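> My structure is in structure-v4.pdb, and what it holds is PDB, C-alpha atoms:
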ATOM      1  CA  MET A   1     -10.132 -31.667  -6.607  1.00  0.00           C
ATOM      2  CA  ILE A   2      -9.055 -30.315  -3.217  1.00  0.00           C
ATOM      3  CA  PRO A   3      -7.645 -32.999  -0.882  1.00  0.00           C
ATOM      4  CA  GLU A   4      -9.712 -33.559   2.249  1.00  0.00           C
ATOM      5  CA  SER A   5      -6.701 -32.666   4.397  1.00  0.00           C
ATOM      6  CA  MET A   6      -6.815 -29.127   2.951  1.00  0.00           C
ATOM      7  CA  LEU A   7     -10.487 -28.553   3.715  1.00  0.00           C
ATOM      8  CA  CYS A   8     -11.902 -26.657   6.676  1.00  0.00           C
ATOM      9  CA  SER A   9     -11.408 -28.969   9.690  1.00  0.00           C
ATOM     10  CA  ASN A  10     -14.772 -28.063  11.252  1.00  0.00           C
ATOM     11  CA  CYS A  11     -16.980 -28.631   8.249  1.00  0.00           C
ATOM     12  CA  ARG A  12     -14.953 -30.710   5.767  1.00  0.00           C
ATOM     13  CA  SER A  13     -16.298 -28.622   2.915  1.00  0.00           C
ATOM     14  CA  THR A  14     -14.583 -26.530   0.305  1.00  0.00           C
ATOM     15  CA  THR A  15     -14.566 -23.122   1.942  1.00  0.00           C
ATOM     16  CA  LEU A  16     -13.075 -19.871   0.773  1.00  0.00           C
ATOM     17  CA  GLU A  17     -10.622 -20.177   3.661  1.00  0.00           C
ATOM     18  CA  ALA A  18      -9.436 -23.569   2.443  1.00  0.00           C
ATOM     19  CA  ILE A  19      -9.128 -22.396  -1.161  1.00  0.00           C
ATOM     20  CA  THR A  20      -7.255 -19.265  -0.077  1.00  0.00           C
ATOM     21  CA  PHE A  21      -4.877 -21.380   1.994  1.00  0.00           C
ATOM     22  CA  ILE A  22      -4.118 -23.600  -0.981  1.00  0.00           C
ATOM     23  CA  TRP A  23      -3.421 -20.592  -3.198  1.00  0.00           C
ATOM     24  CA  ILE A  24      -1.073 -19.097  -0.611  1.00  0.00           C
ATOM     25  CA  PHE A  25       0.581 -22.466  -0.100  1.00  0.00           C
ATOM     26  CA  GLU A  26       1.212 -22.886  -3.823  1.00  0.00           C
ATOM     27  CA  PHE A  27       2.433 -19.304  -4.178  1.00  0.00           C
ATOM     28  CA  VAL A  28       4.943 -19.652  -1.351  1.00  0.00           C
ATOM     29  CA  LEU A  29       6.500 -22.654  -3.098  1.00  0.00           C
ATOM     30  CA  VAL A  30       7.655 -20.446  -5.983  1.00  0.00           C
ATOM     31  CA  LEU A  31       8.536 -17.300  -4.043  1.00  0.00           C
ATOM     32  CA  THR A  32      12.185 -16.254  -4.024  1.00  0.00           C
ATOM     33  CA  LEU A  33      13.334 -13.260  -2.002  1.00  0.00           C
ATOM     34  CA  VAL A  34      16.273 -11.343  -3.426  1.00  0.00           C
ATOM     35  CA  ALA A  35      18.194  -8.925  -1.228  1.00  0.00           C
ATOM     36  CA  GLY A  36      19.300  -5.580  -2.580  1.00  0.00           C
ATOM     37  CA  TYR A  37      18.253  -2.034  -3.255  1.00  0.00           C
ATOM     38  CA  SER A  38      16.004  -0.979  -6.072  1.00  0.00           C
ATOM     39  CA  PRO A  39      16.158   0.001  -8.778  1.00  0.00           C
ATOM     40  CA  GLN A  40      19.775  -1.213  -9.148  1.00  0.00           C
ATOM     41  CA  ARG A  41      19.102  -4.740  -7.889  1.00  0.00           C
ATOM     42  CA  VAL A  42      16.020  -5.031 -10.102  1.00  0.00           C
ATOM     43  CA  GLU A  43      18.128  -4.199 -13.166  1.00  0.00           C
ATOM     44  CA  GLU A  44      20.817  -6.714 -12.114  1.00  0.00           C
ATOM     45  CA  LEU A  45      18.236  -9.438 -11.542  1.00  0.00           C
ATOM     46  CA  ALA A  46      16.643  -8.815 -14.935  1.00  0.00           C
ATOM     47  CA  LYS A  47      20.036  -9.109 -16.637  1.00  0.00           C
ATOM     48  CA  GLU A  48      20.869 -12.296 -14.692  1.00  0.00           C
ATOM     49  CA  LEU A  49      17.563 -14.012 -15.447  1.00  0.00           C
ATOM     50  CA  GLN A  50      16.884 -12.614 -18.932  1.00  0.00           C
ATOM     51  CA  HIS A  51      13.244 -12.722 -17.964  1.00  0.00           C
ATOM     52  CA  LYS A  52      10.185 -10.472 -18.044  1.00  0.00           C
ATOM     53  CA  TRP A  53       7.385 -10.537 -15.492  1.00  0.00           C
ATOM     54  CA  SER A  54       3.608 -10.483 -15.791  1.00  0.00           C
ATOM     55  CA  LEU A  55       3.123  -9.240 -12.212  1.00  0.00           C
ATOM     56  CA  ILE A  56       5.203  -6.551 -10.520  1.00  0.00           C
ATOM     57  CA  PHE A  57       4.485  -5.161  -7.035  1.00  0.00           C
ATOM     58  CA  ILE A  58       6.072  -1.816  -6.161  1.00  0.00           C
ATOM     59  CA  ASP A  59       6.272  -1.049  -2.442  1.00  0.00           C
ATOM     60  CA  GLY A  60       9.486   0.613  -1.396  1.00  0.00           C
ATOM     61  CA  ASP A  61      10.959   4.005  -0.658  1.00  0.00           C
ATOM     62  CA  HIS A  62       8.102   6.521  -0.574  1.00  0.00           C
ATOM     63  CA  GLU A  63      10.123   9.651  -1.264  1.00  0.00           C
ATOM     64  CA  ALA A  64      10.716  11.108  -4.723  1.00  0.00           C
ATOM     65  CA  PRO A  65      12.325  10.218  -6.989  1.00  0.00           C
ATOM     66  CA  ALA A  66      12.502   6.591  -5.756  1.00  0.00           C
ATOM     67  CA  PRO A  67       8.948   5.427  -6.662  1.00  0.00           C
ATOM     68  CA  LEU A  68       9.174   6.939 -10.143  1.00  0.00           C
ATOM     69  CA  ASN A  69      12.655   5.450 -10.668  1.00  0.00           C
ATOM     70  CA  ASP A  70      11.379   2.006  -9.601  1.00  0.00           C
ATOM     71  CA  THR A  71       8.539   2.302 -12.108  1.00  0.00           C
ATOM     72  CA  ILE A  72      10.791   3.459 -14.939  1.00  0.00           C
ATOM     73  CA  VAL A  73      13.097   0.471 -14.372  1.00  0.00           C
ATOM     74  CA  CYS A  74      10.243  -2.036 -14.019  1.00  0.00           C
ATOM     75  CA  GLU A  75       8.159  -0.979 -17.015  1.00  0.00           C
ATOM     76  CA  PRO A  76      10.434  -2.441 -19.734  1.00  0.00           C
ATOM     77  CA  LEU A  77      10.727  -5.628 -17.648  1.00  0.00           C
ATOM     78  CA  ALA A  78       6.960  -6.190 -17.815  1.00  0.00           C
ATOM     79  CA  GLU A  79       5.483  -8.702 -20.236  1.00  0.00           C
ATOM     80  CA  ASP A  80       3.136  -7.445 -22.954  1.00  0.00           C
ATOM     81  CA  ASP A  81       0.313  -8.829 -20.780  1.00  0.00           C
ATOM     82  CA  ALA A  82       1.216  -7.432 -17.373  1.00  0.00           C
ATOM     83  CA  LEU A  83      -0.093  -5.878 -14.174  1.00  0.00           C
ATOM     84  CA  ILE A  84       1.911  -3.534 -11.951  1.00  0.00           C
ATOM     85  CA  LEU A  85       0.553  -2.959  -8.441  1.00  0.00           C
ATOM     86  CA  PHE A  86       1.421   0.034  -6.256  1.00  0.00           C
ATOM     87  CA  HIS A  87       1.107   0.234  -2.492  1.00  0.00           C
ATOM     88  CA  ASP A  88       0.864   3.393  -0.387  1.00  0.00           C
ATOM     89  CA  LEU A  89      -0.584   5.748  -2.996  1.00  0.00           C
ATOM     90  CA  THR A  90      -1.581   8.042  -0.141  1.00  0.00           C
ATOM     91  CA  SER A  91       1.893   9.437  -0.804  1.00  0.00           C
ATOM     92  CA  PRO A  92       1.948  11.801  -3.806  1.00  0.00           C
ATOM     93  CA  ASP A  93       5.534  10.690  -4.497  1.00  0.00           C
ATOM     94  CA  VAL A  94       4.439   7.050  -4.867  1.00  0.00           C
ATOM     95  CA  ALA A  95       1.599   8.136  -7.149  1.00  0.00           C
ATOM     96  CA  GLN A  96       4.192   9.521  -9.578  1.00  0.00           C
ATOM     97  CA  GLY A  97       4.877   5.926 -10.649  1.00  0.00           C
ATOM     98  CA  LEU A  98       1.225   5.273 -11.455  1.00  0.00           C
ATOM     99  CA  ASP A  99       0.991   8.661 -13.206  1.00  0.00           C
ATOM    100  CA  TYR A 100       3.996   7.711 -15.360  1.00  0.00           C
ATOM    101  CA  LEU A 101       2.387   4.480 -16.550  1.00  0.00           C
ATOM    102  CA  LYS A 102      -0.955   6.198 -17.184  1.00  0.00           C
ATOM    103  CA  GLU A 103       0.830   8.780 -19.375  1.00  0.00           C
ATOM    104  CA  LYS A 104       2.483   5.902 -21.284  1.00  0.00           C
ATOM    105  CA  GLY A 105      -0.938   4.442 -22.129  1.00  0.00           C
ATOM    106  CA  TRP A 106      -1.351   1.820 -19.419  1.00  0.00           C
ATOM    107  CA  ASN A 107      -4.848   1.286 -18.005  1.00  0.00           C
ATOM    108  CA  THR A 108      -5.105   2.339 -14.368  1.00  0.00           C
ATOM    109  CA  ILE A 109      -7.408   2.004 -11.378  1.00  0.00           C
ATOM    110  CA  ILE A 110      -7.329   2.854  -7.684  1.00  0.00           C
ATOM    111  CA  TYR A 111      -8.326   0.561  -4.816  1.00  0.00           C
ATOM    112  CA  GLN A 112      -9.797   2.328  -1.799  1.00  0.00           C
ATOM    113  CA  THR A 113      -7.885   0.605   0.990  1.00  0.00           C
ATOM    114  CA  MET A 114      -6.355   2.087   4.121  1.00  0.00           C
ATOM    115  CA  GLN A 115      -3.113   3.057   2.328  1.00  0.00           C
ATOM    116  CA  ILE A 116      -4.689   3.170  -1.154  1.00  0.00           C
ATOM    117  CA  MET A 117      -3.414   0.758  -3.759  1.00  0.00           C
ATOM    118  CA  GLY A 118      -3.325   1.180  -7.493  1.00  0.00           C
ATOM    119  CA  ALA A 119      -3.007  -1.025 -10.529  1.00  0.00           C
ATOM    120  CA  ALA A 120      -1.670  -0.365 -14.003  1.00  0.00           C
ATOM    121  CA  TRP A 121      -2.146  -3.015 -16.669  1.00  0.00           C
ATOM    122  CA  ARG A 122      -1.787  -3.645 -20.362  1.00  0.00           C
ATOM    123  CA  GLY A 123      -2.560  -6.423 -22.786  1.00  0.00           C
ATOM    124  CA  ASN A 124      -4.759  -9.386 -21.987  1.00  0.00           C
ATOM    125  CA  VAL A 125      -4.955  -8.750 -18.242  1.00  0.00           C
ATOM    126  CA  GLU A 126      -7.830  -7.700 -16.041  1.00  0.00           C
ATOM    127  CA  PRO A 127      -7.212  -6.512 -12.499  1.00  0.00           C
ATOM    128  CA  VAL A 128      -9.258  -7.916  -9.656  1.00  0.00           C
ATOM    129  CA  LYS A 129     -12.394  -5.973  -8.821  1.00  0.00           C
ATOM    130  CA  HIS A 130     -12.608  -4.507  -5.325  1.00  0.00           C
ATOM    131  CA  GLN A 131     -15.532  -3.142  -3.341  1.00  0.00           C
ATOM    132  CA  PRO A 132     -14.454  -0.470  -0.822  1.00  0.00           C
ATOM    133  CA  ASP A 133     -15.817  -0.982   2.689  1.00  0.00           C
ATOM    134  CA  PRO A 134     -19.215   0.776   2.598  1.00  0.00           C
ATOM    135  CA  LYS A 135     -18.987   1.590   6.324  1.00  0.00           C
ATOM    136  CA  ILE A 136     -16.072   3.950   5.683  1.00  0.00           C
ATOM    137  CA  ASN A 137     -16.495   7.436   4.249  1.00  0.00           C
ATOM    138  CA  TRP A 138     -13.708   7.240   1.665  1.00  0.00           C
ATOM    139  CA  ASN A 139     -12.085  10.386   0.326  1.00  0.00           C
ATOM    140  CA  LEU A 140      -9.418  10.356  -2.349  1.00  0.00           C
ATOM    141  CA  PRO A 141      -6.457  12.655  -1.828  1.00  0.00           C
ATOM    142  CA  LYS A 142      -6.337  15.514  -4.336  1.00  0.00           C
ATOM    143  CA  HIS A 143      -3.410  13.943  -6.244  1.00  0.00           C
ATOM    144  CA  LEU A 144      -5.563  10.872  -7.057  1.00  0.00           C
ATOM    145  CA  GLU A 145      -8.890  12.521  -7.919  1.00  0.00           C
ATOM    146  CA  HIS A 146      -8.354  11.985 -11.670  1.00  0.00           C
ATOM    147  CA  TYR A 147      -8.314   8.174 -11.280  1.00  0.00           C
ATOM    148  CA  SER A 148     -11.207   5.725 -11.485  1.00  0.00           C
ATOM    149  CA  VAL A 149     -11.857   3.813  -8.279  1.00  0.00           C
ATOM    150  CA  SER A 150     -12.597   0.081  -8.376  1.00  0.00           C
ATOM    151  CA  GLY A 151     -16.103  -0.730  -7.184  1.00  0.00           C
ATOM    152  CA  LEU A 152     -17.488   2.795  -7.607  1.00  0.00           C
TER     153      LEU A 152
END
When written as structure tokens, how does the structure in this file appear?

Amino acid sequence: MIPESMLCSNCRSTTLEAITFIWIFEFVLVLTLVAGYSPQRVEELAKELQHKWSLIFIDGDHEAPAPLNDTIVCEPLAEDDALILFHDLTSPDVAQGLDYLKEKGWNTIIYQTMQIMGAAWRGNVEPVKHQPDPKINWNLPKHLEHYSVSGL
């Protein structure tokens, strides 16, 4: 049950806005920012924590070989049931990371957003479905034409 204090102040009903706020609020409570440069700091953190992750978000240096190196380091740190998200796939260099996981047998999909996002997943995971804005005439860059697009 959602506490009344977390509901929309105008209507006192369970709105998407209120539910979204609660999710963000709960997520922020467990978020820890770690300073450093990838992929070295990612490797150090994995050794320190002796932990694998079910969700990895790659958004960093957009020039090769950095995105591919980040992906290569993160892949063995992913749980058997895992999702790896990529931001800024408009850059062919960033797409190299998604290409790498696709070649290794991961499932992949593209999200038509302004900067184009992508997801790679394996195991008992299903990425969120996304409907591209129908008012925009979306065109995939040539380096992404071989990917399925969510919602199409």
> Counting only C-alpha atoms, give me one row per residue of segment 89-142 of chain A with an atom at most 10 Å from an atom of segment 75-84 of chain A, showing the shortest contact pair and its distance in Å to one decimal, sorted by chain then residue number, as CSV.

residue,atom,partner,partner_atom,distance
A:Gly97,CA,A:Glu75,CA,9.9
A:Leu98,CA,A:Ile84,CA,8.8
A:Tyr100,CA,A:Glu75,CA,9.8
A:Leu101,CA,A:Glu75,CA,8.0
A:Lys104,CA,A:Glu75,CA,9.9
A:Trp106,CA,A:Leu83,CA,9.4
A:Asn107,CA,A:Leu83,CA,9.4
A:Thr108,CA,A:Ile84,CA,9.5
A:Gly118,CA,A:Ile84,CA,8.3
A:Ala119,CA,A:Ile84,CA,5.7
A:Ala120,CA,A:Ile84,CA,5.2
A:Trp121,CA,A:Leu83,CA,4.3
A:Arg122,CA,A:Asp81,CA,5.6
A:Gly123,CA,A:Asp81,CA,4.3
A:Asn124,CA,A:Asp81,CA,5.2
A:Val125,CA,A:Asp81,CA,5.8
A:Glu126,CA,A:Leu83,CA,8.2
A:Pro127,CA,A:Leu83,CA,7.3
> Counting all atoms listed in the file, which residues come within 10 Å of (-8.5, 3.2, -6.7), with the point read in the file's coordinates, and could you list them as an MDAnalysis selection string?
chainID A and resid 89 108:113 116:119 130 132 140 144:145 147:152
> Point out the residue among A:Ser91, A:Asn137, A:Gln115, A:Ser38 with the least atom-to-atom distance to Glu63 of chain A, counting all atoms listed in the file.
A:Ser91
> Atom CA of Phe57 of chain A and atom CA of Lys135 of chain A are how many Å apart?
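Atom CA of Lys135 of chain A lies 27.8 Å from atom CA of Phe57 of chain A.
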> Quick one: pull the distance between atom CA of Gln131 of chain A and atom CA of Leu68 of chain A, Å, one decimal.
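So the two atoms, atom CA of Gln131 of chain A and atom CA of Leu68 of chain A, lie 27.5 Å apart.
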> Which residue, A:Ala95, A:Leu55, A:Ala66, A:Ala46, has the smallest gap to Val34 of chain A when you use all atoms listed in the file?
A:Ala46
> Neighbouring residues of segment 41-44 of chain A were defined as those with any atom within 8 Å, considering all atoms listed in the file; residues of the same chain fewer than 6 positions away were excluded. Please report them as a ChimeraX atom specification.
/A:35,73-74
> So the first atom is atom CA of His87 of chain A and the second is atom CA of Asp70 of chain A; what is the distance between them in Å, to one decimal place?
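Those two atoms sit 12.6 Å apart.
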> Could you list, as a list in words, every residue within 10 Å of Pro65 of chain A, counting only C-alpha atoms and ignoring same-chain residues fewer than 4 positions away?
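Near neighbours after the sequence-gap exclusion: Asp61, Asn69, Asp70, Asp93, Val94, Gln96 and Gly97 of chain A.
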> If the PyMOL selection byres ((chain A and resi 58) around 7) were run on this exact file, what residues would it hold? Put them as JSON, numbers by chain.
{"A": [56, 57, 59, 60, 85, 86, 87]}
> Pull C-alpha atoms from the residues just selected and write them as a CSV table (one decimal), in the frame of the given file.

chain,number,residue,atom,x,y,z
A,56,ILE,CA,5.2,-6.6,-10.5
A,57,PHE,CA,4.5,-5.2,-7.0
A,59,ASP,CA,6.3,-1.0,-2.4
A,60,GLY,CA,9.5,0.6,-1.4
A,85,LEU,CA,0.6,-3.0,-8.4
A,86,PHE,CA,1.4,0.0,-6.3
A,87,HIS,CA,1.1,0.2,-2.5
> Rank nothing, just name the residue among A:Lys129, A:Lys47, A:Lys52, A:His62 nearest to Pro92 of chain A, using all atoms listed in the file.
A:His62
> Take segment 28-52 of chain A, bring it up to N, CA, C and O atoms, and give me the output as a JSON list (two decimals), keeping the file's coordinate frame.

[["chain", "number", "residue", "atom", "x", "y", "z"],
["A", 28, "VAL", "N", 3.73, -19.66, -2.16],
["A", 28, "VAL", "CA", 4.94, -19.65, -1.35],
["A", 28, "VAL", "C", 5.98, -20.61, -1.91],
["A", 28, "VAL", "O", 7.17, -20.37, -1.81],
["A", 29, "LEU", "N", 5.56, -21.69, -2.54],
["A", 29, "LEU", "CA", 6.50, -22.65, -3.10],
["A", 29, "LEU", "C", 7.36, -22.06, -4.21],
["A", 29, "LEU", "O", 8.45, -22.55, -4.47],
["A", 30, "VAL", "N", 6.90, -21.01, -4.88],
["A", 30, "VAL", "CA", 7.66, -20.45, -5.98],
["A", 30, "VAL", "C", 8.22, -19.06, -5.66],
["A", 30, "VAL", "O", 8.78, -18.41, -6.51],
["A", 31, "LEU", "N", 8.08, -18.62, -4.44],
["A", 31, "LEU", "CA", 8.54, -17.30, -4.04],
["A", 31, "LEU", "C", 10.02, -17.32, -3.72],
["A", 31, "LEU", "O", 10.49, -18.16, -2.97],
["A", 32, "THR", "N", 10.77, -16.41, -4.31],
["A", 32, "THR", "CA", 12.18, -16.25, -4.02],
["A", 32, "THR", "C", 12.43, -14.81, -3.63],
["A", 32, "THR", "O", 12.10, -13.89, -4.38],
["A", 33, "LEU", "N", 13.01, -14.61, -2.46],
["A", 33, "LEU", "CA", 13.33, -13.26, -2.00],
["A", 33, "LEU", "C", 14.77, -12.94, -2.42],
["A", 33, "LEU", "O", 15.66, -13.76, -2.25],
["A", 34, "VAL", "N", 14.96, -11.76, -2.95],
["A", 34, "VAL", "CA", 16.27, -11.34, -3.43],
["A", 34, "VAL", "C", 16.65, -10.06, -2.69],
["A", 34, "VAL", "O", 15.92, -9.07, -2.77],
["A", 35, "ALA", "N", 17.75, -10.10, -1.99],
["A", 35, "ALA", "CA", 18.19, -8.93, -1.23],
["A", 35, "ALA", "C", 18.82, -7.90, -2.16],
["A", 35, "ALA", "O", 19.44, -8.24, -3.17],
["A", 36, "GLY", "N", 18.68, -6.64, -1.81],
["A", 36, "GLY", "CA", 19.30, -5.58, -2.58],
["A", 36, "GLY", "C", 18.44, -4.35, -2.58],
["A", 36, "GLY", "O", 17.35, -4.32, -2.01],
["A", 37, "TYR", "N", 18.95, -3.31, -3.19],
["A", 37, "TYR", "CA", 18.25, -2.03, -3.26],
["A", 37, "TYR", "C", 17.77, -1.79, -4.67],
["A", 37, "TYR", "O", 18.48, -2.01, -5.64],
["A", 38, "SER", "N", 16.53, -1.31, -4.75],
["A", 38, "SER", "CA", 16.00, -0.98, -6.07],
["A", 38, "SER", "C", 16.33, 0.48, -6.35],
["A", 38, "SER", "O", 16.51, 1.25, -5.42],
["A", 39, "PRO", "N", 16.41, 0.84, -7.61],
["A", 39, "PRO", "CA", 16.16, 0.00, -8.78],
["A", 39, "PRO", "C", 17.39, -0.78, -9.26],
["A", 39, "PRO", "O", 17.26, -1.62, -10.14],
["A", 40, "GLN", "N", 18.56, -0.55, -8.66],
["A", 40, "GLN", "CA", 19.77, -1.21, -9.15],
["A", 40, "GLN", "C", 19.66, -2.74, -9.11],
["A", 40, "GLN", "O", 20.00, -3.41, -10.09],
["A", 41, "ARG", "N", 19.18, -3.28, -8.00],
["A", 41, "ARG", "CA", 19.10, -4.74, -7.89],
["A", 41, "ARG", "C", 18.07, -5.32, -8.85],
["A", 41, "ARG", "O", 18.24, -6.42, -9.37],
["A", 42, "VAL", "N", 17.02, -4.58, -9.13],
["A", 42, "VAL", "CA", 16.02, -5.03, -10.10],
["A", 42, "VAL", "C", 16.67, -5.15, -11.48],
["A", 42, "VAL", "O", 16.48, -6.14, -12.19],
["A", 43, "GLU", "N", 17.45, -4.15, -11.87],
["A", 43, "GLU", "CA", 18.13, -4.20, -13.17],
["A", 43, "GLU", "C", 19.10, -5.37, -13.23],
["A", 43, "GLU", "O", 19.17, -6.08, -14.24],
["A", 44, "GLU", "N", 19.87, -5.59, -12.15],
["A", 44, "GLU", "CA", 20.82, -6.71, -12.11],
["A", 44, "GLU", "C", 20.10, -8.05, -12.24],
["A", 44, "GLU", "O", 20.52, -8.94, -12.99],
["A", 45, "LEU", "N", 19.00, -8.19, -11.51],
["A", 45, "LEU", "CA", 18.24, -9.44, -11.54],
["A", 45, "LEU", "C", 17.67, -9.70, -12.94],
["A", 45, "LEU", "O", 17.72, -10.82, -13.44],
["A", 46, "ALA", "N", 17.18, -8.66, -13.58],
["A", 46, "ALA", "CA", 16.64, -8.82, -14.94],
["A", 46, "ALA", "C", 17.73, -9.26, -15.90],
["A", 46, "ALA", "O", 17.49, -10.12, -16.76],
["A", 47, "LYS", "N", 18.92, -8.70, -15.76],
["A", 47, "LYS", "CA", 20.04, -9.11, -16.64],
["A", 47, "LYS", "C", 20.44, -10.55, -16.36],
["A", 47, "LYS", "O", 20.72, -11.32, -17.28],
["A", 48, "GLU", "N", 20.49, -10.93, -15.07],
["A", 48, "GLU", "CA", 20.87, -12.30, -14.69],
["A", 48, "GLU", "C", 19.88, -13.32, -15.24],
["A", 48, "GLU", "O", 20.27, -14.35, -15.77],
["A", 49, "LEU", "N", 18.60, -13.03, -15.10],
["A", 49, "LEU", "CA", 17.56, -14.01, -15.45],
["A", 49, "LEU", "C", 17.11, -13.93, -16.89],
["A", 49, "LEU", "O", 16.49, -14.88, -17.39],
["A", 50, "GLN", "N", 17.37, -12.80, -17.56],
["A", 50, "GLN", "CA", 16.88, -12.61, -18.93],
["A", 50, "GLN", "C", 15.41, -12.99, -19.00],
["A", 50, "GLN", "O", 14.99, -13.84, -19.79],
["A", 51, "HIS", "N", 14.63, -12.35, -18.15],
["A", 51, "HIS", "CA", 13.24, -12.72, -17.96],
["A", 51, "HIS", "C", 12.39, -11.47, -17.80],
["A", 51, "HIS", "O", 12.85, -10.47, -17.27],
["A", 52, "LYS", "N", 11.16, -11.54, -18.28],
["A", 52, "LYS", "CA", 10.18, -10.47, -18.04],
["A", 52, "LYS", "C", 9.11, -11.03, -17.12],
["A", 52, "LYS", "O", 8.94, -12.24, -17.01]]
